[in-house]
>>> print(open('query-v2.txt').read())   # compact mmCIF, C-alpha atoms
# COMPACT_ATOMS: atom_id res chain seq x y z
CA MET R 1 148.30 68.17 56.19
CA PRO R 2 145.26 67.01 58.17
CA ASN R 3 144.96 68.17 61.76
CA ARG R 4 147.83 70.58 61.60
CA PRO R 5 147.31 72.69 64.73
CA VAL R 6 146.24 76.31 64.32
CA LEU R 7 147.28 79.29 66.42
CA ASP R 8 145.44 82.61 66.28
CA PHE R 9 147.78 85.61 66.37
CA TRP R 10 145.84 88.65 67.60
CA TYR R 11 147.80 91.84 67.01
CA GLU R 12 147.33 95.61 67.09
CA PHE R 13 149.27 97.78 64.66
CA ALA R 14 149.97 100.41 67.33
CA SER R 15 151.55 97.89 69.71
CA PRO R 16 155.34 97.57 69.97
CA TYR R 17 155.15 94.04 71.38
CA SER R 18 152.89 93.05 68.46
CA PHE R 19 155.61 94.35 66.14
CA LEU R 20 158.18 92.11 67.84
CA SER R 21 155.98 89.05 67.43
CA ALA R 22 154.97 89.79 63.85
CA LEU R 23 158.57 89.80 62.73
CA ARG R 24 159.50 86.49 64.32
CA ILE R 25 156.33 84.41 64.46
CA GLU R 26 156.42 82.84 61.00
CA ALA R 27 159.77 81.07 61.34
CA LEU R 28 158.84 79.80 64.81
CA ALA R 29 155.43 78.55 63.67
CA GLU R 30 157.03 76.81 60.72
CA SER R 31 159.49 74.97 63.02
CA ALA R 32 156.63 74.02 65.33
CA ASP R 33 154.53 72.82 62.37
CA VAL R 34 151.69 75.12 63.42
CA THR R 35 149.42 77.05 61.03
CA LEU R 36 149.00 80.73 61.87
CA ARG R 37 145.88 82.82 61.56
CA TRP R 38 146.78 86.52 61.51
CA ARG R 39 144.04 88.48 63.30
CA PRO R 40 144.53 92.24 63.37
CA PHE R 41 142.20 94.04 65.77
CA LEU R 42 141.98 97.28 67.74
CA LEU R 43 142.80 97.67 71.41
CA GLY R 44 141.21 101.12 71.59
CA PRO R 45 137.63 99.90 72.19
CA ILE R 46 138.88 97.34 74.72
CA PHE R 47 140.94 99.94 76.60
CA ALA R 48 138.02 102.39 76.47
CA ALA R 49 135.77 99.80 78.10
CA GLN R 50 138.11 99.77 81.10
CA GLY R 51 138.24 103.55 81.29
CA TRP R 52 141.51 104.19 79.48
CA THR R 53 141.58 106.96 76.93
CA THR R 54 145.06 106.19 75.64
CA SER R 55 147.73 103.50 75.91
CA PRO R 56 148.63 102.37 79.45
CA PHE R 57 152.22 103.14 78.42
CA ASN R 58 151.21 106.80 78.25
CA LEU R 59 148.92 106.71 81.29
CA TYR R 60 151.69 105.24 83.47
CA PRO R 61 154.98 106.95 82.57
CA ASN R 62 157.26 104.55 84.46
CA LYS R 63 155.63 101.64 82.70
CA GLY R 64 156.02 103.44 79.38
CA ARG R 65 159.71 104.19 79.93
CA TYR R 66 160.29 100.58 80.88
CA MET R 67 158.39 99.30 77.82
CA TRP R 68 160.58 101.24 75.39
CA ARG R 69 163.69 99.92 77.12
CA ASP R 70 162.39 96.35 77.25
CA THR R 71 161.30 96.32 73.60
CA ALA R 72 164.68 97.78 72.58
CA ARG R 73 166.45 94.93 74.39
CA ARG R 74 164.14 92.34 72.81
CA ALA R 75 164.44 93.87 69.34
CA GLY R 76 168.22 93.87 69.71
CA ARG R 77 168.22 90.15 70.41
CA ASN R 78 166.34 89.68 67.14
CA GLY R 79 168.76 91.83 65.17
CA LEU R 80 166.38 94.79 64.95
CA SER R 81 166.49 98.24 66.38
CA ILE R 82 163.25 99.79 67.52
CA VAL R 83 162.43 103.45 67.10
CA LYS R 84 159.89 105.29 69.25
CA PRO R 85 157.59 106.95 66.72
CA GLU R 86 156.81 110.63 67.26
CA THR R 87 153.13 109.77 67.67
CA PHE R 88 152.32 107.00 70.13
CA PRO R 89 150.03 105.20 70.08
CA GLN R 90 149.24 105.64 66.42
CA ASN R 91 145.79 105.52 64.91
CA SER R 92 145.63 102.01 63.49
CA LEU R 93 142.06 101.94 62.21
CA ILE R 94 142.82 102.18 58.49
CA ALA R 95 145.75 99.80 58.86
CA ALA R 96 143.56 97.14 60.48
CA ARG R 97 140.83 97.54 57.86
CA LEU R 98 143.36 97.31 55.05
CA ALA R 99 144.91 94.19 56.54
CA LEU R 100 141.50 92.54 56.79
CA ALA R 101 140.77 93.51 53.19
CA GLY R 102 143.73 91.34 52.23
CA ARG R 103 142.70 88.27 54.18
CA GLU R 104 141.49 86.18 51.23
CA ALA R 105 144.10 87.45 48.76
CA GLY R 106 146.85 86.35 51.14
CA TRP R 107 148.85 89.56 51.43
CA MET R 108 147.75 90.32 55.01
CA PRO R 109 150.91 88.97 56.72
CA ALA R 110 153.34 90.63 54.29
CA PHE R 111 151.46 93.93 54.49
CA SER R 112 151.39 93.74 58.30
CA LYS R 113 155.11 93.10 58.58
CA ALA R 114 155.92 95.91 56.14
CA LEU R 115 153.73 98.32 58.07
CA PHE R 116 155.20 97.33 61.45
CA ARG R 117 158.70 97.91 60.06
CA ALA R 118 157.72 101.36 58.76
CA GLU R 119 156.29 102.27 62.16
CA PHE R 120 158.83 100.84 64.58
CA CYS R 121 162.03 100.59 62.54
CA GLU R 122 161.62 103.86 60.61
CA GLY R 123 159.34 105.83 62.94
CA ARG R 124 156.75 106.51 60.20
CA ASN R 125 153.09 107.23 60.94
CA ILE R 126 150.87 104.36 59.83
CA ALA R 127 147.82 106.60 59.68
CA GLU R 128 149.34 108.30 56.60
CA GLU R 129 148.23 107.16 53.18
CA ALA R 130 151.74 107.24 51.72
CA VAL R 131 153.02 104.88 54.42
CA LEU R 132 150.10 102.50 53.96
CA ASN R 133 150.54 102.70 50.22
CA ALA R 134 154.20 101.69 50.38
CA ALA R 135 153.39 98.76 52.67
CA LEU R 136 150.68 97.56 50.30
CA LYS R 137 153.03 97.72 47.35
CA GLY R 138 155.76 95.99 49.34
CA ALA R 139 153.30 93.18 50.00
CA GLY R 140 152.34 92.85 46.35
CA ALA R 141 148.88 94.31 46.84
CA ASP R 142 147.21 96.83 44.55
CA PRO R 143 146.43 100.04 46.50
CA GLY R 144 143.83 100.96 43.89
CA GLN R 145 141.82 97.92 44.93
CA ALA R 146 142.83 97.66 48.59
CA PHE R 147 141.82 101.16 49.74
CA PRO R 148 138.27 101.03 48.34
CA ALA R 149 137.85 97.51 49.74
CA SER R 150 139.00 98.72 53.18
CA ARG R 151 136.23 101.34 53.11
CA SER R 152 133.50 98.84 52.21
CA GLU R 153 130.80 98.01 54.74
CA GLU R 154 131.83 94.39 54.49
CA VAL R 155 135.39 95.04 55.68
CA LYS R 156 134.34 97.59 58.30
CA GLY R 157 131.94 95.00 59.70
CA ARG R 158 134.64 92.36 59.58
CA LEU R 159 136.85 94.48 61.88
CA ARG R 160 133.98 95.20 64.26
CA ALA R 161 133.21 91.48 64.43
CA GLU R 162 136.85 90.64 65.13
CA ILE R 163 136.97 93.15 68.00
CA GLU R 164 133.76 91.74 69.47
CA TYR R 165 135.15 88.23 69.19
CA ALA R 166 138.42 89.29 70.86
CA LYS R 167 136.41 90.81 73.72
CA SER R 168 134.38 87.62 74.09
CA LEU R 169 137.61 85.64 74.42
CA GLY R 170 138.72 87.89 77.29
CA ILE R 171 141.54 89.49 75.31
CA PHE R 172 142.82 92.62 77.06
CA GLY R 173 146.17 93.33 75.37
CA ALA R 174 148.31 92.56 72.34
CA PRO R 175 149.77 90.42 71.07
CA THR R 176 147.59 87.57 72.29
CA PHE R 177 147.93 84.03 71.01
CA VAL R 178 144.94 81.70 71.23
CA THR R 179 145.05 77.97 70.67
CA GLN R 180 142.22 75.91 69.22
CA ASP R 181 141.27 74.70 72.69
CA GLY R 182 140.87 78.32 73.81
CA GLU R 183 144.08 78.80 75.80
CA LEU R 184 145.21 82.44 75.92
CA PHE R 185 148.83 83.57 75.94
CA TRP R 186 149.47 87.30 76.27
CA GLY R 187 152.65 89.02 75.20
CA ASP R 188 155.55 88.52 72.83
CA ASP R 189 157.31 86.66 75.66
CA ARG R 190 154.62 83.95 75.61
CA LEU R 191 154.92 83.16 71.89
CA GLU R 192 157.10 80.08 72.28
CA GLU R 193 154.86 78.73 75.06
CA ALA R 194 151.76 79.30 72.90
CA LEU R 195 153.30 77.38 69.99
CA ASP R 196 154.26 74.53 72.32
CA TRP R 197 150.70 74.41 73.64
CA ALA R 198 149.21 74.52 70.13
CA ARG R 199 151.39 71.59 69.10
CA ASP R 200 151.37 69.42 72.20
CA GLY R 201 148.39 70.52 74.25
CA ARG R 202 148.67 71.22 77.95
CA MET N 1 184.95 86.36 95.64
CA PRO N 2 185.85 89.89 94.53
CA ASN N 3 183.57 91.61 92.05
CA ARG N 4 180.91 88.95 92.12
CA PRO N 5 177.98 90.68 90.44
CA VAL N 6 174.96 91.61 92.54
CA LEU N 7 171.31 91.55 91.51
CA ASP N 8 168.60 93.27 93.55
CA PHE N 9 165.41 91.23 93.80
CA TRP N 10 162.50 93.57 94.58
CA TYR N 11 159.44 91.62 95.64
CA GLU N 12 156.01 92.18 97.17
CA PHE N 13 154.51 89.51 99.42
CA ALA N 14 151.04 89.96 97.90
CA SER N 15 152.28 89.35 94.35
CA PRO N 16 151.83 85.93 92.69
CA TYR N 17 154.64 86.55 90.20
CA SER N 18 156.95 87.50 93.10
CA PHE N 19 156.09 84.14 94.64
CA LEU N 20 157.13 82.35 91.45
CA SER N 21 160.47 84.16 91.38
CA ALA N 22 161.19 83.74 95.09
CA LEU N 23 160.96 79.98 94.81
CA ARG N 24 163.33 79.63 91.87
CA ILE N 25 165.72 82.57 92.03
CA GLU N 26 168.35 81.11 94.36
CA ALA N 27 169.29 78.11 92.24
CA LEU N 28 169.44 80.26 89.11
CA ALA N 29 171.56 82.95 90.78
CA GLU N 30 173.91 80.29 92.08
CA SER N 31 174.41 78.86 88.57
CA ALA N 32 174.96 82.36 87.20
CA ASP N 33 177.45 83.14 90.00
CA VAL N 34 175.44 86.22 90.97
CA THR N 35 174.86 87.45 94.53
CA LEU N 36 171.26 88.25 95.37
CA ARG N 37 169.96 91.06 97.51
CA TRP N 38 166.41 90.31 98.65
CA ARG N 39 164.46 93.58 98.83
CA PRO N 40 160.88 93.26 100.03
CA PHE N 41 158.77 96.37 99.47
CA LEU N 42 155.14 97.40 99.11
CA LEU N 43 153.38 98.08 95.82
CA GLY N 44 150.40 99.70 97.56
CA PRO N 45 151.93 103.20 97.80
CA ILE N 46 153.20 102.94 94.22
CA PHE N 47 149.81 101.84 92.89
CA ALA N 48 148.09 104.55 94.95
CA ALA N 49 150.31 107.19 93.33
CA GLN N 50 148.88 106.18 89.93
CA GLY N 51 145.32 106.23 91.19
CA TRP N 52 144.79 102.54 91.85
CA THR N 53 143.11 101.57 95.08
CA THR N 54 143.67 97.83 94.67
CA SER N 55 145.60 95.40 92.50
CA PRO N 56 145.28 95.89 88.73
CA PHE N 57 144.31 92.21 88.66
CA ASN N 58 141.17 93.18 90.56
CA LEU N 59 140.60 96.45 88.70
CA TYR N 60 140.73 94.69 85.33
CA PRO N 61 138.90 91.36 85.61
CA ASN N 62 140.07 89.90 82.28
CA LYS N 63 143.65 90.65 83.24
CA GLY N 64 143.06 89.06 86.64
CA ARG N 65 141.57 85.89 85.19
CA TYR N 66 144.47 85.62 82.79
CA MET N 67 147.02 86.17 85.58
CA TRP N 68 145.70 83.27 87.65
CA ARG N 69 145.79 81.03 84.58
CA ASP N 70 149.27 82.18 83.55
CA THR N 71 150.74 81.79 87.05
CA ALA N 72 149.17 78.31 87.32
CA ARG N 73 150.88 77.30 84.07
CA ARG N 74 154.21 78.75 85.22
CA ALA N 75 153.94 77.19 88.67
CA GLY N 76 153.17 73.84 87.05
CA ARG N 77 156.35 74.00 85.03
CA ASN N 78 158.24 74.47 88.31
CA GLY N 79 156.53 71.54 89.98
CA LEU N 80 154.29 73.76 92.11
CA SER N 81 150.58 74.29 92.18
CA ILE N 82 149.30 77.76 92.91
CA VAL N 83 146.19 78.44 94.96
CA LYS N 84 144.19 81.65 94.70
CA PRO N 85 143.90 82.86 98.30
CA GLU N 86 140.46 83.88 99.50
CA THR N 87 141.74 87.42 100.09
CA PHE N 88 143.58 89.03 97.20
CA PRO N 89 145.64 91.08 97.34
CA GLN N 90 146.65 90.42 100.93
CA ASN N 91 147.86 93.02 103.37
CA SER N 92 151.62 92.54 103.30
CA LEU N 93 152.72 95.35 105.62
CA ILE N 94 153.66 93.22 108.62
CA ALA N 95 155.23 90.59 106.37
CA ALA N 96 157.50 93.17 104.72
CA ARG N 97 158.51 94.69 108.06
CA LEU N 98 159.25 91.27 109.52
CA ALA N 99 161.35 90.33 106.51
CA LEU N 100 163.37 93.54 106.83
CA ALA N 101 163.84 92.85 110.55
CA GLY N 102 165.68 89.70 109.52
CA ARG N 103 168.02 91.31 107.02
CA GLU N 104 171.17 91.25 109.16
CA ALA N 105 170.42 87.93 110.87
CA GLY N 106 170.14 86.28 107.46
CA TRP N 107 166.74 84.62 107.74
CA MET N 108 164.99 87.02 105.37
CA PRO N 109 165.11 84.73 102.28
CA ALA N 110 164.00 81.59 104.16
CA PHE N 111 161.19 83.50 105.90
CA SER N 112 160.07 85.01 102.60
CA LYS N 113 159.94 81.67 100.83
CA ALA N 114 158.05 80.05 103.71
CA LEU N 115 155.52 82.89 103.73
CA PHE N 116 155.03 82.80 99.96
CA ARG N 117 154.37 79.07 100.17
CA ALA N 118 151.81 79.55 102.93
CA GLU N 119 150.03 82.19 100.86
CA PHE N 120 150.09 80.74 97.36
CA CYS N 121 150.47 76.99 97.91
CA GLU N 122 148.20 76.72 100.97
CA GLY N 123 145.95 79.76 100.49
CA ARG N 124 146.71 81.13 104.00
CA ASN N 125 146.40 84.81 104.90
CA ILE N 126 149.81 86.34 105.53
CA ALA N 127 148.33 89.17 107.58
CA GLU N 128 147.55 86.64 110.33
CA GLU N 129 149.97 86.33 113.21
CA ALA N 130 149.80 82.52 113.27
CA VAL N 131 150.83 82.32 109.61
CA LEU N 132 153.70 84.79 110.11
CA ASN N 133 154.73 82.93 113.26
CA ALA N 134 154.97 79.60 111.45
CA ALA N 135 157.04 81.13 108.64
CA LEU N 136 159.43 82.71 111.15
CA LYS N 137 159.89 79.41 112.93
CA GLY N 138 160.33 77.60 109.63
CA ALA N 139 163.12 80.05 108.82
CA GLY N 140 164.86 79.51 112.18
CA ALA N 141 163.92 82.94 113.50
CA ASP N 142 162.67 83.69 117.00
CA PRO N 143 159.17 85.23 116.81
CA GLY N 144 159.66 86.66 120.32
CA GLN N 145 162.43 88.85 118.94
CA ALA N 146 161.25 89.30 115.37
CA PHE N 147 157.79 90.75 116.08
CA PRO N 148 158.99 93.51 118.43
CA ALA N 149 161.82 94.34 116.04
CA SER N 150 159.34 94.63 113.17
CA ARG N 151 157.41 97.23 115.17
CA SER N 152 160.50 99.34 115.94
CA GLU N 153 160.85 102.77 114.40
CA GLU N 154 164.09 101.63 112.86
CA VAL N 155 162.48 98.81 110.85
CA LYS N 156 159.40 100.87 109.95
CA GLY N 157 161.71 103.55 108.59
CA ARG N 158 163.73 100.94 106.75
CA LEU N 159 160.63 99.82 104.83
CA ARG N 160 159.61 103.42 104.04
CA ALA N 161 163.12 104.09 102.73
CA GLU N 162 163.04 100.98 100.57
CA ILE N 163 159.72 102.03 99.02
CA GLU N 164 161.04 105.53 98.32
CA TYR N 165 164.15 104.04 96.75
CA ALA N 166 162.04 101.68 94.59
CA LYS N 167 160.00 104.69 93.42
CA SER N 168 163.14 106.61 92.58
CA LEU N 169 164.32 103.70 90.42
CA GLY N 170 161.08 103.84 88.45
CA ILE N 171 159.80 100.50 89.78
CA PHE N 172 156.08 100.07 89.04
CA GLY N 173 155.45 96.36 89.60
CA ALA N 174 156.84 93.21 91.16
CA PRO N 175 159.00 91.31 90.94
CA THR N 176 161.58 93.71 89.54
CA PHE N 177 165.24 92.82 89.16
CA VAL N 178 167.81 95.61 89.12
CA THR N 179 171.44 95.19 88.12
CA GLN N 180 174.31 97.20 89.58
CA ASP N 181 174.40 99.37 86.44
CA GLY N 182 170.74 100.27 87.00
CA GLU N 183 169.07 98.07 84.39
CA LEU N 184 165.47 97.16 85.30
CA PHE N 185 163.81 93.86 84.46
CA TRP N 186 160.14 93.50 85.38
CA GLY N 187 158.38 90.19 85.87
CA ASP N 188 159.18 86.60 86.70
CA ASP N 189 159.62 86.01 82.96
CA ARG N 190 162.59 88.40 82.89
CA LEU N 191 164.55 86.68 85.68
CA GLU N 192 166.91 84.74 83.41
CA GLU N 193 167.56 87.83 81.28
CA ALA N 194 168.31 89.89 84.41
CA LEU N 195 170.82 87.30 85.64
CA ASP N 196 172.50 87.23 82.22
CA TRP N 197 172.75 91.02 82.27
CA ALA N 198 174.10 91.06 85.84
CA ARG N 199 176.78 88.59 84.85
CA ASP N 200 177.74 89.73 81.35
CA GLY N 201 176.51 93.30 81.06
CA ARG N 202 174.53 94.55 78.11
>>> encode(input="query-v2.txt", output="structure tokens")
Amino acid sequence: MPNRPVLDFWYEFASPYSFLSALRIEALAESADVTLRWRPFLLGPIFAAQGWTTSPFNLYPNKGRYMWRDTARRAGRNGLSIVKPETFPQNSLIAARLALAGREAGWMPAFSKALFRAEFCEGRNIAEEAVLNAALKGAGADPGQAFPASRSEEVKGRLRAEIEYAKSLGIFGAPTFVTQDGELFWGDDRLEEALDWARDGR
Amino acid sequence: MPNRPVLDFWYEFASPYSFLSALRIEALAESADVTLRWRPFLLGPIFAAQGWTTSPFNLYPNKGRYMWRDTARRAGRNGLSIVKPETFPQNSLIAARLALAGREAGWMPAFSKALFRAEFCEGRNIAEEAVLNAALKGAGADPGQAFPASRSEEVKGRLRAEIEYAKSLGIFGAPTFVTQDGELFWGDDRLEEALDWARDGR
């Protein structure tokens, strides 16, 4: 399919709104005839650069309370129920490196969805090896290969490069959708608009 | 019409997303058979309580750049073009007091819409008397009565009470829509969902 439009899907494993998008983006992209590029990254370094030491949902309690209510409503409309994990935000460093280790092999999307479900449907901690392990297996990946690959300098550098690239695009939150002509759409509620833009242009 | 549902529309005159909602909310509420209560308030004291001395769109430049782009796209879809005023955010104290002075007389919505247009379609400064004057006249109000009323202790106290009430509801941004059963919806992009909730319940 020549010239099929591409949409970059920037997501953070600790982000509830990224979870919502991850579980619905594939069907929508398919209908829109848009190719997705899954791009896991970390918000931590971006938040740190603006002086935040944790999630804004923790720094601003009213905003946090609202977010859990809003995501519950949105999850409900998609037939899901969202659980607030005991730890929030979770440390997503290993998760992001693992996902990037599976970029060429093709299991990155399946692994990401499995991990998001563990975190926000079951309340598991995605920093734990057992949880990561189960998500890898669920995605058809071999943990015995994936973990060592995720610790390689190549994959560590890959994640650093992705974060730098996200910064250079002006990304400040997740999920963010970026079209080939550089248009940014921030938030699960902008997913449909981003796909429209990717397909039809402005 | 007994038991017609009511939706509270909390808005801040300095807020671009409040502008977007103000100019489209009436037609949507009419279709949904929902009665609106226009509730101007100030975000300044709420932002100050969380340590912000100006708008988050100024504190976080990437977020600010994105906001102007996002509001331009949304305005375009509603047949409007949005202008970034020279001063942002604007001082909206007199505007909010004036609007509340017109609550009983009924010109509050028309005045609010006229003022939002001056600010975000024409780039005028809503702290200026001439701009406020024109919006009052456009709404059929008498500036000779409205200005003195806006400076009365009664109206000043009314605004303070509204801000305290907004705080007690957990409001942290604008626009915010609140249903009679206390459900909060934040942002112009939640307007349709808020009207659905007001009409049908959860």
>>> closest_residue(input="query-v2.txt", among="R:Gly173, R:Pro45, R:Gly157, R:Gly79", to="Tyr60 in chain N", atoms="only C-alpha atoms")
R:Gly173
>>> interface_residues(input="query-v2.txt", of="chain N", to="chain R", cutoff="7 Å", atoms="all atoms listed in the file", output="JSON, numbers by chain")
{"N": [62, 63, 170, 172]}
>>> atom_distance(input="query-v2.txt", atom1="CA of Ala29 in chain N", atom2="CA of Leu191 in chain N")
9.4 Å
>>> atom_distance(input="query-v2.txt", atom1="CA of Ser152 in chain R", atom2="CA of Arg97 in chain R")
9.3 Å
>>> atom_distance(input="query-v2.txt", atom1="CA of Ile163 in chain N", atom2="CA of Arg74 in chain R")
28.3 Å
>>> residues_around(input="query-v2.txt", residues="Asn78 in chain R", least_positions_apart="6", cutoff="10 Å", atoms="all atoms listed in the file", output="NGL selection string")
:R and (20 or 23-24 or 72)
>>> closest_residue(input="query-v2.txt", among="N:Gln180, N:Gly64, N:Arg160, N:Arg199", to="Ser31 in chain N", atoms="only C-alpha atoms")
N:Arg199
>>> build_atoms(input="query-v2.txt", residues="range 180-195 of chain N", atoms="N, CA and C atoms", output="JSON list (two decimals), in the coordinates of the input")
[["chain", "number", "residue", "atom", "x", "y", "z"],
["N", 180, "GLN", "N", 173.50, 96.15, 88.97],
["N", 180, "GLN", "CA", 174.31, 97.20, 89.58],
["N", 180, "GLN", "C", 174.45, 98.41, 88.66],
["N", 181, "ASP", "N", 174.33, 98.21, 87.35],
["N", 181, "ASP", "CA", 174.40, 99.37, 86.44],
["N", 181, "ASP", "C", 173.02, 99.97, 86.19],
["N", 182, "GLY", "N", 172.03, 99.58, 87.03],
["N", 182, "GLY", "CA", 170.74, 100.27, 87.00],
["N", 182, "GLY", "C", 169.76, 99.79, 85.96],
["N", 183, "GLU", "N", 170.00, 98.61, 85.40],
["N", 183, "GLU", "CA", 169.07, 98.07, 84.39],
["N", 183, "GLU", "C", 167.90, 97.39, 85.10],
["N", 184, "LEU", "N", 166.68, 97.74, 84.70],
["N", 184, "LEU", "CA", 165.47, 97.16, 85.30],
["N", 184, "LEU", "C", 164.92, 96.02, 84.45],
["N", 185, "PHE", "N", 164.51, 94.97, 85.12],
["N", 185, "PHE", "CA", 163.81, 93.86, 84.46],
["N", 185, "PHE", "C", 162.57, 93.56, 85.28],
["N", 186, "TRP", "N", 161.41, 93.65, 84.65],
["N", 186, "TRP", "CA", 160.14, 93.50, 85.38],
["N", 186, "TRP", "C", 159.49, 92.17, 85.03],
["N", 187, "GLY", "N", 159.16, 91.41, 86.07],
["N", 187, "GLY", "CA", 158.38, 90.19, 85.87],
["N", 187, "GLY", "C", 159.19, 88.93, 86.02],
["N", 188, "ASP", "N", 158.53, 87.91, 86.54],
["N", 188, "ASP", "CA", 159.18, 86.60, 86.70],
["N", 188, "ASP", "C", 159.77, 86.11, 85.38],
["N", 189, "ASP", "N", 159.14, 86.49, 84.27],
["N", 189, "ASP", "CA", 159.62, 86.01, 82.96],
["N", 189, "ASP", "C", 160.87, 86.74, 82.50],
["N", 190, "ARG", "N", 161.35, 87.72, 83.26],
["N", 190, "ARG", "CA", 162.59, 88.40, 82.89],
["N", 190, "ARG", "C", 163.74, 88.01, 83.82],
["N", 191, "LEU", "N", 163.52, 87.04, 84.70],
["N", 191, "LEU", "CA", 164.55, 86.68, 85.68],
["N", 191, "LEU", "C", 165.83, 86.19, 85.02],
["N", 192, "GLU", "N", 165.71, 85.28, 84.06],
["N", 192, "GLU", "CA", 166.91, 84.74, 83.41],
["N", 192, "GLU", "C", 167.68, 85.85, 82.69],
["N", 193, "GLU", "N", 166.93, 86.73, 82.01],
["N", 193, "GLU", "CA", 167.56, 87.83, 81.28],
["N", 193, "GLU", "C", 168.28, 88.77, 82.25],
["N", 194, "ALA", "N", 167.69, 89.01, 83.41],
["N", 194, "ALA", "CA", 168.31, 89.89, 84.41],
["N", 194, "ALA", "C", 169.61, 89.28, 84.93],
["N", 195, "LEU", "N", 169.59, 87.97, 85.16],
["N", 195, "LEU", "CA", 170.82, 87.30, 85.64],
["N", 195, "LEU", "C", 171.91, 87.34, 84.57]]
